[in-house]
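**Student:** Take this structure, written in structure tokens, and hold onto it; I'll ask about it next.
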There are 4 protein chains.
Amino acid sequence: MIIVIQCKDQVGLVAAISGILAKEQLNIISMREHVDKVENRFYMRLEIEKHKDEATLEKKLKDVLPKDVTISINELPQKKVVILVTKEYHCLADILIRNYFETLGAKIQCVIGNHDTLQNICERFDVPFYLVSHEEISKETFEQMVAEKIDKYAPDYIVLAKFMRILSPQFVAKFPAKLINIHHSFLPAFAGANPYKQAFERGVKLIGATAHFVTDELDEGPIIAQQIIPVNHSLTASDMMKAGKEIETAVLAKALRFVFEDRVSVYKNKTVVFE
Amino acid sequence: MIIVIQCKDQVGLVAAISGILAKEQLNIISMREHVDKVENRFYMRLEIEKHKDEATLEKKLKDVLPKDVTISINELPQKKVVILVTKEYHCLADILIRNYFETLGAKIQCVIGNHDTLQNICERFDVPFYLVSHEEISKETFEQMVAEKIDKYAPDYIVLAKFMRILSPQFVAKFPAKLINIHHSFLPAFAGANPYKQAFERGVKLIGATAHFVTDELDEGPIIAQQIIPVNHSLTASDMMKAGKEIETAVLAKALRFVFEDRVSVYKNKTVVFE
Amino acid sequence: MIIVIQCKDQVGLVAAISGILAKEQLNIISMREHVDKVENRFYMRLEIEKHKDEATLEKKLKDVLPKDVTISINELPQKKVVILVTKEYHCLADILIRNYFETLGAKIQCVIGNHDTLQNICERFDVPFYLVSHEEISKETFEQMVAEKIDKYAPDYIVLAKFMRILSPQFVAKFPAKLINIHHSFLPAFAGANPYKQAFERGVKLIGATAHFVTDELDEGPIIAQQIIPVNHSLTASDMMKAGKEIETAVLAKALRFVFEDRVSVYKNKTVVFE
Amino acid sequence: MIIVIQCKDQVGLVAAISGILAKEQLNIISMREHVDKVENRFYMRLEIEKHKDEATLEKKLKDVLPKDVTISINELPQKKVVILVTKEYHCLADILIRNYFETLGAKIQCVIGNHDTLQNICERFDVPFYLVSHEEISKETFEQMVAEKIDKYAPDYIVLAKFMRILSPQFVAKFPAKLINIHHSFLPAFAGANPYKQAFERGVKLIGATAHFVTDELDEGPIIAQQIIPVNHSLTASDMMKAGKEIETAVLAKALRFVFEDRVSVYKNKTVVFE
């Protein structure tokens, strides 16, 4: 059982929490803790043996912790996920494979694409695919149609697996802390369009990818994971894009594992990730 | 103040420890904990605000913890270190620089070399250098002379910074958990002599270095840190050695930082490193 | 068009080769060259604009090069591949995805498994799967049945994508320089069985994977690619295995790309890889 | 002997160059070549056995190559270098050590600092240190004083080893393609002041460093080398700065090795680096 706690910091929090667990004779399998001195904020992730009565445990913890506390108690793995895609296959295929072999730590509910390019691969894995084209309709209508599809499945997270439409603040506001995006650069470098072309023209010696929660500001949300690979003069912009896809796939997979295993806490524009 | 605890695992250890800290109104700056399920062993590293009475605190902790517990309470940085060298400069020079600018987290007491090659660089930094040649004397006598020099300084750690003599079990037994070596391969690959030549002949695509505590078995002690760099067919054995020196220097520096900041616990032939 | 040349070294080889290309008005898109001074051996990989008459070009090159020369002239991508598997899906699934989206640089002819675990995933991608069980038959008979299946497809390469049977020298001899294996450790460390268990017990701080050509000696063939990831005390042997699968998948993908793009030359027990 | 060639691309360049080398019976130890298809530009680096008459060889090469060609023929190692510093020691100390042990591939002529913090370490290595304070004088006067010191030594390169003054275009123009800077971020992320503070506030999961040639545009010159290290929420801005220094030192050392071994060609705002 995973317990994730976030509240303002004060003396005695660890004693209070571990005291209750000890009284309940609950063995701590692993405990990770972080105090953000700048924000005066306390974070904890506990993995403990299963407790028969989660609600009572949560109440007991709340009684000894500051009023602003958020506590989540979860069994692994049971997250529900909706995937949004456009045309590129690499991230989606990796997620479909893990879903099929039950190593994703979540269950894909459906895939929504604004093109039908990836319909066939979804069908091969018996995952529902919905085409919602953005063409000939307003952005508002498009997003409303996508949101309706999503809402039907009430997912824990919505993964933008190379979804190439910029989402409006209205859409983002509907799914707070639920939208996870993979950006094809090591942010904040090369935010915006065509990062590989930008990287090629700047002559950088490494390219990367960033998985982050989506907020109102484009490419500005809390970063979950980042990774890079070395490149050199011999790569064209198109070679960089090809090489980048490998790293995009790897970073998104890593970020999703962190999120699905309840290792990520968000506060303001930053994450605490207990790897 | 750093508190490092190691004992057999049982329910309630975190509550017991954090309860005492809370009672003493000690704020936990950072806490890292690990339970080794295979060995049924509990490890903790705490960074807390300074306490006026360390002895009383240690006693209070001991009263609530299993009898086999080891507790160390330390201020940073105050380790005393003796360095053993032969002819290669790269690791020693890096340590001397950090020592000189007081970023080593320890204080070099002296350097002992079985050649005089590195005497001049030590003198430039006003660090005592002792030549103890291994020539024309027995290994026993040589080691006794080295041990006597070391004993004069009563160091916390002895760093073998490319010291190319194999130490006898008798010597090693004199300094348990105090001898730190840098081996020029990613152990257990290429243990023994000439690892770069071995690596070249095997045609590996990466070479590395390993910092480890020294035990009776050559190149077999608990590993503290390891790192690698990619290589390819264009490197000769001598190029590999040159490239390897960079990584040896980096890995030893990293391992020493971990050790000097009390981040490393040893049990049997393994380490727990709270990075 | 890719031209790969290997022969003993002598003065004037580059001039001889590039002289012919210039005479034929062939533009060199990229050229990589290596001289192994230890073995006195010359390697070259050329990417040039397509030539209408490959046979004549090869003859002209042979006329000016040492008698022991091997020259291969290839169009990309047209390699034929057979995959051997047991039960683990990660490497196979990655290859199937790339095959399906035509980014593998080769065409999978069929998959042969000694268990039927991975039959379903192959069928989902319309790739023929053959079950050849090793049970209740001799190793000789088993290998003969596998070899017959392979021979029907006359593949350029046979990829052991987590194929967990040790192949006899007789089998290996049938497919010289064609068998590519992924080993789940950074060889030569942890050769043989259960490398993750070995790594866990040794307490290493990094684990890796190695893609190599298969030769008579188990885990001893020419290495094509290697990669590692950092690990620490918090990982169990089973966590290491899980983490290792990611790196196995990545290393095998990288090695296959090198091989399928004619970037790998083999001589004795080593490779020259023009990345 | 190292020969570096750069010119516009055309068919037959390799044949022309290697033809001359063959005629002169010069053995090619290593040859690297790159064609930039976007800029239609040809780059080559040759390592050959020593030739008795460099001037004649250069003339012969020029006769067969395009008129815009630049050819440099160099013996290793003989570069002359001036170092500019402010207060931080890590990059300077690393360079001083390599200079002292003659593994830098260049000879430090002097160190110029706008503070006297690093005077003592230079004196310990018998390297001349000049204090040129920027206080109470105009930027123009300051730069003129620095330039005069530099000119006295006629260095091949000027290394800004954590020199914290922004140089004017006038100063930069005096030393075209000679000024090498280490910037404490993976450019183009976090250009300008306080990159570690920026990185901390953005919550990135990796920090890096960039070695580049200096041009008029601040932090915009051709990149020679870049590297990163992973970071996480547990690091303060000051921890990031500390960790960053290690990578700054390593990247600058790597970039200087490339430059001093004549592995770097510059064209417009990019480099070709034959590693």
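Letters A, B, ... go to the chains of the structure tokens in the order shown; residues in each chain start at 1; ligands are counted from 1 in the same order.
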Mind dumping a table of every chain B residue within 9 Å of chain A, with the nearest atom pair and its distance in Å to one decimal, using only C-alpha atoms, sorted by chain and rising number, as a tab-separated table?

**Tutor:**
residue	atom	partner	partner_atom	distance
B:Gln10	CA	A:Asn27	CA	8.0
B:Val11	CA	A:Asn27	CA	5.5
B:Gly12	CA	A:Ala22	CA	4.8
B:Leu13	CA	A:Ala22	CA	8.4
B:Val14	CA	A:Ser18	CA	6.1
B:Ala15	CA	A:Ser18	CA	4.6
B:Ala16	CA	A:Gly19	CA	7.7
B:Ile17	CA	A:Ala15	CA	7.8
B:Ser18	CA	A:Ala15	CA	4.6
B:Gly19	CA	A:Ala15	CA	4.8
B:Ile20	CA	A:Ala15	CA	8.2
B:Leu21	CA	A:Gly12	CA	7.7
B:Ala22	CA	A:Gly12	CA	4.8
B:Lys23	CA	A:Gly12	CA	8.1
B:Gln25	CA	A:Val11	CA	6.8
B:Leu26	CA	A:Val11	CA	7.2
B:Asn27	CA	A:Val11	CA	5.5
B:Ile28	CA	A:Val11	CA	7.5
B:Ile29	CA	A:Val35	CA	6.9
B:Ser30	CA	A:His34	CA	6.6
B:Met31	CA	A:Glu33	CA	6.5
B:Arg32	CA	A:Arg32	CA	6.7
B:Glu33	CA	A:Met31	CA	6.5
B:His34	CA	A:Ser30	CA	6.6
B:Val35	CA	A:Ile29	CA	6.9
B:Lys37	CA	A:Ile29	CA	8.5

**Student:** Could you tell me, as a count of residues only, which residues of range 72-204 of chain D DSSP assigns to alpha helix (DSSP H) when given the backbone?

**Tutor:** 46

**Student:** Among range 25-273 of chain B, which residues does DSSP mark as strand (DSSP E or B) when it is run on the backbone? Keep the chain and numbering as in the structure and answer as an NGL selection string.

**Tutor:** :B and (28-36 or 41-48 or 70-74 or 79-85 or 106-113 or 129-131 or 157-160 or 179-183 or 206-213 or 223-230 or 264-267 or 270-273)

**Student:** Distance CA of Asn114 in chain B-CA of Lys152 in chain B, one decimal place?

**Tutor:**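 CA of Lys152 in chain B lies at a distance of 17.8 Å from CA of Asn114 in chain B.
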
**Student:** Looking at only C-alpha atoms, which of C:Leu96, C:Ile150, C:Val204, C:Cys7 is the one that sits closest to Pro222 in chain B?

**Tutor:** C:Val204

**Student:** Excluding Leu206 in chain B and any residue of its chain fewer than 2 positions from it, enumerate the residues within 6 Å of it, using only C-alpha atoms, and give them as a list of chain:residue names.

**Tutor:**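 The filter keeps B:Val204, B:Ile229, B:Pro230, B:Val231.
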
**Student:** CA of Tyr196 in chain B and CA of Lys254 in chain C, how far apart in Å?

**Tutor:**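 Value for the CA of Lys254 in chain C-CA of Tyr196 in chain B distance: 24.6 Å.
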
**Student:** What's around Lys80 in chain D at 9 Å? Count only C-alpha atoms, leave out sequence neighbours fewer than 3 positions away in its own chain, and write the answer as a ChimeraX atom specification.

**Tutor:** /D:106-109,153-158

**Student:** Any chance you can output those residues with N, CA, C and O atoms as a PDB file, in the first residue's frame?

**Tutor:**
ATOM      1  N   ALA D 106      48.887  21.842 -24.359  1.00  0.00           N
ATOM      2  CA  ALA D 106      49.150  23.265 -24.591  1.00  0.00           C
ATOM      3  C   ALA D 106      50.003  23.752 -23.432  1.00  0.00           C
ATOM      4  O   ALA D 106      50.194  23.041 -22.444  1.00  0.00           O
ATOM      5  N   LYS D 107      50.492  24.960 -23.568  1.00  0.00           N
ATOM      6  CA  LYS D 107      51.362  25.523 -22.526  1.00  0.00           C
ATOM      7  C   LYS D 107      50.717  26.821 -22.046  1.00  0.00           C
ATOM      8  O   LYS D 107      50.497  27.739 -22.834  1.00  0.00           O
ATOM      9  N   ILE D 108      50.407  26.890 -20.745  1.00  0.00           N
ATOM     10  CA  ILE D 108      49.840  28.129 -20.201  1.00  0.00           C
ATOM     11  C   ILE D 108      50.923  29.203 -20.156  1.00  0.00           C
ATOM     12  O   ILE D 108      51.993  28.996 -19.573  1.00  0.00           O
ATOM     13  N   GLN D 109      50.627  30.359 -20.769  1.00  0.00           N
ATOM     14  CA  GLN D 109      51.581  31.466 -20.770  1.00  0.00           C
ATOM     15  C   GLN D 109      51.423  32.306 -19.511  1.00  0.00           C
ATOM     16  O   GLN D 109      52.389  32.684 -18.883  1.00  0.00           O
ATOM     17  N   TYR D 153      51.787  37.795 -25.100  1.00  0.00           N
ATOM     18  CA  TYR D 153      52.095  36.367 -25.186  1.00  0.00           C
ATOM     19  C   TYR D 153      51.687  35.741 -26.516  1.00  0.00           C
ATOM     20  O   TYR D 153      51.987  34.583 -26.772  1.00  0.00           O
ATOM     21  N   ALA D 154      50.963  36.520 -27.358  1.00  0.00           N
ATOM     22  CA  ALA D 154      50.537  36.012 -28.662  1.00  0.00           C
ATOM     23  C   ALA D 154      49.992  34.582 -28.584  1.00  0.00           C
ATOM     24  O   ALA D 154      50.479  33.679 -29.270  1.00  0.00           O
ATOM     25  N   PRO D 155      49.017  34.355 -27.738  1.00  0.00           N
ATOM     26  CA  PRO D 155      48.548  32.976 -27.542  1.00  0.00           C
ATOM     27  C   PRO D 155      47.701  32.489 -28.727  1.00  0.00           C
ATOM     28  O   PRO D 155      47.114  33.283 -29.455  1.00  0.00           O
ATOM     29  N   ASP D 156      47.640  31.176 -28.899  1.00  0.00           N
ATOM     30  CA  ASP D 156      46.741  30.581 -29.897  1.00  0.00           C
ATOM     31  C   ASP D 156      45.294  30.646 -29.420  1.00  0.00           C
ATOM     32  O   ASP D 156      44.385  30.815 -30.219  1.00  0.00           O
ATOM     33  N   TYR D 157      45.108  30.485 -28.115  1.00  0.00           N
ATOM     34  CA  TYR D 157      43.758  30.513 -27.551  1.00  0.00           C
ATOM     35  C   TYR D 157      43.745  31.259 -26.222  1.00  0.00           C
ATOM     36  O   TYR D 157      44.747  31.258 -25.489  1.00  0.00           O
ATOM     37  N   ILE D 158      42.594  31.873 -25.923  1.00  0.00           N
ATOM     38  CA  ILE D 158      42.367  32.518 -24.634  1.00  0.00           C
ATOM     39  C   ILE D 158      41.178  31.807 -23.995  1.00  0.00           C
ATOM     40  O   ILE D 158      40.089  31.764 -24.574  1.00  0.00           O
TER      41      ILE D 158
END

**Student:** Do you know which residues are at most 12 Å from Thr215 in chain A counting only C-alpha atoms, after dropping those on the same chain fewer than 2 positions away, and could you put them as a PyMOL selection string?

**Tutor:** chain A and resi 166-181+212-213+217-223+266+268-270

**Student:** Could you give me, as a count of residues only, the residues within 10 Å of range 99-105 of chain D, counting only C-alpha atoms and dropping anything in the same chain fewer than 4 positions from it?

**Tutor:** 23

**Student:** Could you jot down the CA of His115 in chain A to CA of Met164 in chain A separation for me, Å, one decimal place?

**Tutor:** 10.4 Å
